[in-house]
Amino acid sequence: GVSVIGISNQYTPLLHPARNIYEWVSKFIMDNFAPVTIGVGLGWKKMPCSSTNIVIPPIVQLPENPPTINRRKILVYAPFMEEWHTLHTLLQIGPPYQFVVYGIPQPENWFTNDIVFRSPSVAGFTADFDECIGVICSAGFELLSRAIANDKGIYTCPLEGQVEQELNVARLPTRPHITHSRELDCVAIWQWLSSLDAHVPNPSSMIDSAKLIADWIDTGDLYCITNEMSDMAWPK
């Protein structure tokens, strides 16, 4: 038969028994609705591999040169968050922080410069991301991966009913500048912001996961996943 390769963060749970309800649901969905011959999981830490499963770092964009960090700039990516609750919470924090918001249109008669609204823009978002000290967002895998790779502060709230986002929160690295809650909370955000005062971002020296996948496929031997390949994906 034809081999099917799956590349996704949702193939990561295939490597071990389900440890919670979210992993059980995810495994059930992927096994029954997106089955693959070989699963390439994208994740944030090394896991044991098999001949048909491996976990490698996410495919993320890292800046070519170290950016200048604005320690009072917080990026807020909120297209799926409740708009007024989000803005009301941020307004209670205010100076000295500036919140740069994507995903919420600017209300009429806006009265403060502590919250700046941005229109959708790849270049603008990248520039704001590179410059910020921390990110407030829902628990989508791509932005969390980008923030983890760049060692940004993270305050995240999983969207209700989103199994993948619950899984992402459960797998977050344990670091002082990474936290989560069920919804935006002013006190919790203040505590998180305080943790960023002494934080100096140290971006990861990540491998090029896209090239690793391309080179592996190019060998023509898709069942050649070995511990050596896993070690290559996660250099010490």
# chains A, B, ... in the order shown; residues from 1 in each chain; ligands from 1

call {"tool": "closest_atom_pairs", "arguments": {"of": "region 27-78 of chain A", "to": "region 95-107 of chain A", "cutoff": "9 Å", "atoms": "only C-alpha atoms", "output": "Markdown table"}}
result
| residue | atom | partner | partner_atom | distance |
| --- | --- | --- | --- | --- |
| A:Arg71 | CA | A:Tyr97 | CA | 8.4 |
| A:Arg72 | CA | A:Tyr97 | CA | 4.7 |
| A:Lys73 | CA | A:Gln98 | CA | 5.1 |
| A:Ile74 | CA | A:Phe99 | CA | 4.9 |
| A:Leu75 | CA | A:Val100 | CA | 5.0 |
| A:Val76 | CA | A:Val101 | CA | 4.7 |
| A:Tyr77 | CA | A:Tyr102 | CA | 5.0 |
| A:Ala78 | CA | A:Gly103 | CA | 5.0 |

call {"tool": "closest_atom_pairs", "arguments": {"of": "region 78-116 of chain A", "to": "region 184-203 of chain A", "cutoff": "8 Å", "atoms": "only C-alpha atoms", "output": "tab-separated table"}}
result
residue	atom	partner	partner_atom	distance
A:His85	CA	A:Leu184	CA	7.9
A:Thr86	CA	A:Leu184	CA	6.8
A:Thr89	CA	A:Cys186	CA	5.7
A:Leu90	CA	A:Cys186	CA	7.5
A:Gln92	CA	A:Cys186	CA	7.0
A:Ile93	CA	A:Cys186	CA	7.1

call {"tool": "write_last_selection", "arguments": {"atoms": "C-alpha atoms", "output": "tab-separated table (two decimals), in the first residue's frame"}}
result
chain	number	residue	atom	x	y	z
A	85	HIS	CA	-13.41	41.48	28.62
A	86	THR	CA	-9.96	41.53	27.03
A	89	THR	CA	-8.65	43.64	31.71
A	90	LEU	CA	-5.81	45.37	29.86
A	92	GLN	CA	-6.84	47.89	34.50
A	93	ILE	CA	-3.09	47.30	34.02

call {"tool": "atom_distance", "arguments": {"atom1": "CA of Leu212 (chain A)", "atom2": "CA of Cys224 (chain A)"}}
result
12.9 Å

call {"tool": "atom_distance", "arguments": {"atom1": "CA of Val4 (chain A)", "atom2": "CA of Pro57 (chain A)"}}
result
20.4 Å

call {"tool": "atom_distance", "arguments": {"atom1": "CA of Asp130 (chain A)", "atom2": "CA of Ile59 (chain A)"}}
result
16.7 Å

call {"tool": "closest_residue", "arguments": {"among": "A:Phe80, A:Leu143, A:Pro58, A:Ile207", "to": "Asp231 (chain A)", "atoms": "only C-alpha atoms"}}
result
A:Ile207

call {"tool": "residues_around", "arguments": {"residues": "Thr156 (chain A)", "least_positions_apart": "4", "cutoff": "12 Å", "atoms": "only C-alpha atoms", "output": "PyMOL selection string"}}
result
chain A and resi 75-78+81+134-141+143-144+147+165-166+168-170+172+177-185+188-189+192

call {"tool": "select_by_dssp", "arguments": {"residues": "region 14-231 of chain A", "states": "strand (DSSP E or B)", "output": "count of residues only"}}
result
41
